[in-house]
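Remarks on the structure that follows.
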Amino acid sequence: MKMICVGRNYVLHAKELGNAIPEEPVLFLKPSTALNREREFYIPAFTQQMEYEAEIVLKIVKNGKFIDPAFAWKYVSEITVGIDFTARDVQSQLKSKGLPWEIAKAFDNSASLGQWVPLDTVIDRDAIPFQLFLNDNLVQDGNTKDMLFSVPTLISYISKYFTLQTGDYIFTGTPAGVGQVKIGDRLQGFIAGVKLLECHIS
Ligand code: MG
């Protein structure tokens with residue numbers, strides 16, 4: 001199992017981090033060891049700036065390569081909201097040197113997932129509203145209709161480079177409002193008003 005993650009897929013988020021608007025999807029990977037199976041997230045010792053990024057996550061249900069965008073949704077069985085935990089200070093140092101991000105984003109337990117929702121129960125798969133609350137304050141309020149690159153475009157693009165396999169996950173990018181977590185914080189993620197994710201920071 002692998003997790004393919006998309007960076008800078010919402011204009012306002014790209015701007016809040018001072019990044020250019022990409023002309024093609026920005027991709028990176030998290031290994032299977034990045035999957036956090038607990039409701040606790042422990043801040044690792046190597047960072048002073050751990051940040052949340054709430055994202056719509058897709059579960060891949062069949063293998064595919066060079067997938068046509070017109071058939072891309074057939075490769076997705078379920079969706080949820082997940083957190084792409086990011087050691088922002090480490091990432092910023094790496095970015096400034098032009099180096100890969102992996103240790104800032106693909107470390108152990110850096111991917112938290114909510115409960116899965118069958119895709120066929122989603123009312124409008126091209127406009128999925130999702131929200132993240134930090135200690136009961138709304139901090140991210142996104143909608144997949146605001147993606148720079150839609151889900152079919154992403155799946156087609158990703159599958160040119162990486163064969164998609166049953167059980168893979170795709171993190172589709174975060175909207176504006178990312179921020180830091182501290183010990184004792186609580187994150188709650190929603191899709192269309194339904195709570196799917198709860199994560200306690202330790
Ligand atoms: Mg992200």
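As shown in the structure tokens, the chain order sets the letters A, B, ...; within each chain, residues go from 1, and ligands are also counted from 1 in the order they appear.
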(request) as a PyMOL selection string, please: all residues of chain A that backbone DSSP puts in strand (DSSP E). (result) chain A and resi 3-7+26-30+35-36+40-41+50-52+54-60+76-84+86-87+111-113+117-118+129-134+137-143+169-171+179-180+186-191+194-201
Could you dump the residues just selected with C-alpha atoms as a CSV table (one decimal), in the first residue's frame?
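The resulting file, part-v6.csv, is shown below:
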chain,number,residue,atom,x,y,z
A,3,MET,CA,-0.2,6.9,-0.3
A,4,ILE,CA,0.1,9.4,-3.1
A,5,CYS,CA,-0.4,13.0,-1.9
A,6,VAL,CA,-1.1,16.2,-3.9
A,7,GLY,CA,0.5,19.5,-2.9
A,26,VAL,CA,2.6,18.4,-7.4
A,27,LEU,CA,3.0,14.9,-6.0
A,28,PHE,CA,4.8,13.2,-3.2
A,29,LEU,CA,4.4,9.8,-1.5
A,30,LYS,CA,3.9,8.5,2.0
A,35,LEU,CA,-0.5,5.4,8.3
A,36,ASN,CA,-1.7,6.3,11.8
A,40,GLU,CA,-3.8,9.8,19.0
A,41,PHE,CA,-1.0,11.6,17.1
A,50,MET,CA,3.9,20.4,13.5
A,51,GLU,CA,1.0,21.5,11.3
A,52,TYR,CA,-2.4,19.9,10.2
A,54,ALA,CA,-7.1,18.4,6.2
A,55,GLU,CA,-7.7,16.7,2.9
A,56,ILE,CA,-10.3,14.6,1.1
A,57,VAL,CA,-8.7,11.1,0.8
A,58,LEU,CA,-9.7,8.5,-1.9
A,59,LYS,CA,-9.5,4.8,-1.4
A,60,ILE,CA,-8.4,3.0,-4.6
A,76,VAL,CA,-12.4,4.9,-6.2
A,77,SER,CA,-14.7,3.0,-3.8
A,78,GLU,CA,-14.8,5.2,-0.7
A,79,ILE,CA,-13.7,8.7,0.5
A,80,THR,CA,-12.9,10.2,3.9
A,81,VAL,CA,-11.2,13.2,5.4
A,82,GLY,CA,-7.6,12.8,6.5
A,83,ILE,CA,-4.8,14.8,8.0
A,84,ASP,CA,-1.5,15.2,6.1
A,86,THR,CA,3.6,18.2,8.2
A,87,ALA,CA,6.7,19.3,10.1
A,111,ALA,CA,-1.3,10.3,7.9
A,112,SER,CA,-4.5,10.1,9.9
A,113,LEU,CA,-7.7,8.9,8.3
A,117,VAL,CA,-17.9,6.8,3.3
A,118,PRO,CA,-19.0,4.8,0.2
A,129,PRO,CA,-17.7,20.1,1.2
A,130,PHE,CA,-15.3,19.3,4.1
A,131,GLN,CA,-14.3,21.0,7.3
A,132,LEU,CA,-11.7,20.8,10.1
A,133,PHE,CA,-12.2,22.0,13.6
A,134,LEU,CA,-9.3,22.6,16.0
A,137,ASN,CA,-12.9,26.3,16.2
A,138,LEU,CA,-13.5,26.0,12.4
A,139,VAL,CA,-10.0,26.3,10.9
A,140,GLN,CA,-10.4,24.8,7.4
A,141,ASP,CA,-13.6,25.0,5.3
A,142,GLY,CA,-13.0,23.5,1.9
A,143,ASN,CA,-14.9,22.2,-1.1
A,169,TYR,CA,-4.8,6.1,-0.9
A,170,ILE,CA,-4.7,9.5,-2.6
A,171,PHE,CA,-4.6,12.6,-0.5
A,179,GLY,CA,-1.8,25.8,11.2
A,180,GLN,CA,0.1,24.4,14.1
A,186,ARG,CA,-8.1,18.0,19.4
A,187,LEU,CA,-8.8,17.8,15.6
A,188,GLN,CA,-12.2,16.9,14.2
A,189,GLY,CA,-12.9,16.4,10.5
A,190,PHE,CA,-16.3,16.5,8.7
A,191,ILE,CA,-17.6,15.8,5.2
A,194,VAL,CA,-20.9,14.4,9.2
A,195,LYS,CA,-18.1,13.9,11.7
A,196,LEU,CA,-15.7,11.2,10.4
A,197,LEU,CA,-12.3,12.0,12.0
A,198,GLU,CA,-11.2,12.7,15.5
A,199,CYS,CA,-7.5,13.0,16.4
A,200,HIS,CA,-6.0,13.9,19.8
A,201,ILE,CA,-2.5,15.5,19.8
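Every residue of region 137-195 of chain A found in alpha helix (DSSP H) when DSSP is run on the backbone appears here: A:Val151, A:Pro152, A:Thr153, A:Leu154, A:Ile155, A:Ser156, A:Tyr157, A:Ile158, A:Ser159, A:Lys160, A:Tyr161.
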Please dump the current selection as a tab-separated table (two decimals), in the first residue's frame; keep C-alpha atoms.
chain	number	residue	atom	x	y	z
A	151	VAL	CA	-10.10	14.06	-8.98
A	152	PRO	CA	-10.32	12.60	-12.54
A	153	THR	CA	-7.40	14.80	-13.63
A	154	LEU	CA	-5.35	13.74	-10.59
A	155	ILE	CA	-6.01	10.02	-11.02
A	156	SER	CA	-5.13	10.18	-14.70
A	157	TYR	CA	-1.97	12.19	-14.02
A	158	ILE	CA	-0.82	10.05	-11.06
A	159	SER	CA	-1.33	6.80	-12.99
A	160	LYS	CA	1.06	7.93	-15.72
A	161	TYR	CA	3.88	7.67	-13.18
(message) If we count only C-alpha atoms and set the cut-off at 7 Å, which residues sit around Gln165 (chain A), ignoring sequence neighbours fewer than 5 positions away in its own chain? Please answer as a list of chain:residue names.
(response) A:Ile60, A:Lys62, A:Asn63, A:Gly64
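One finds CA of Ser150 (chain A) at 28.8 Å from CA of Val90 (chain A).
Residue nearest ligand 1, chosen from A:Val181, A:Ala14, A:Ile128, A:Ile123 and counting only C-alpha atoms and all ligand atoms: A:Ala14.
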(message) Could you check the closest approach to ligand 1 for each of A:Ile21, A:Met1, A:Ala127, A:Ala106 and tell me which residue wins, using only C-alpha atoms and all ligand atoms?
(response) A:Ala106
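Minimum distance to Arg88 (chain A) across A:Phe71, A:Gln48, A:Phe66, A:Thr166 (counting only C-alpha atoms) occurs at A:Gln48.
The coordinates place CA of Phe149 (chain A) at 22.9 Å from CA of Gln91 (chain A).
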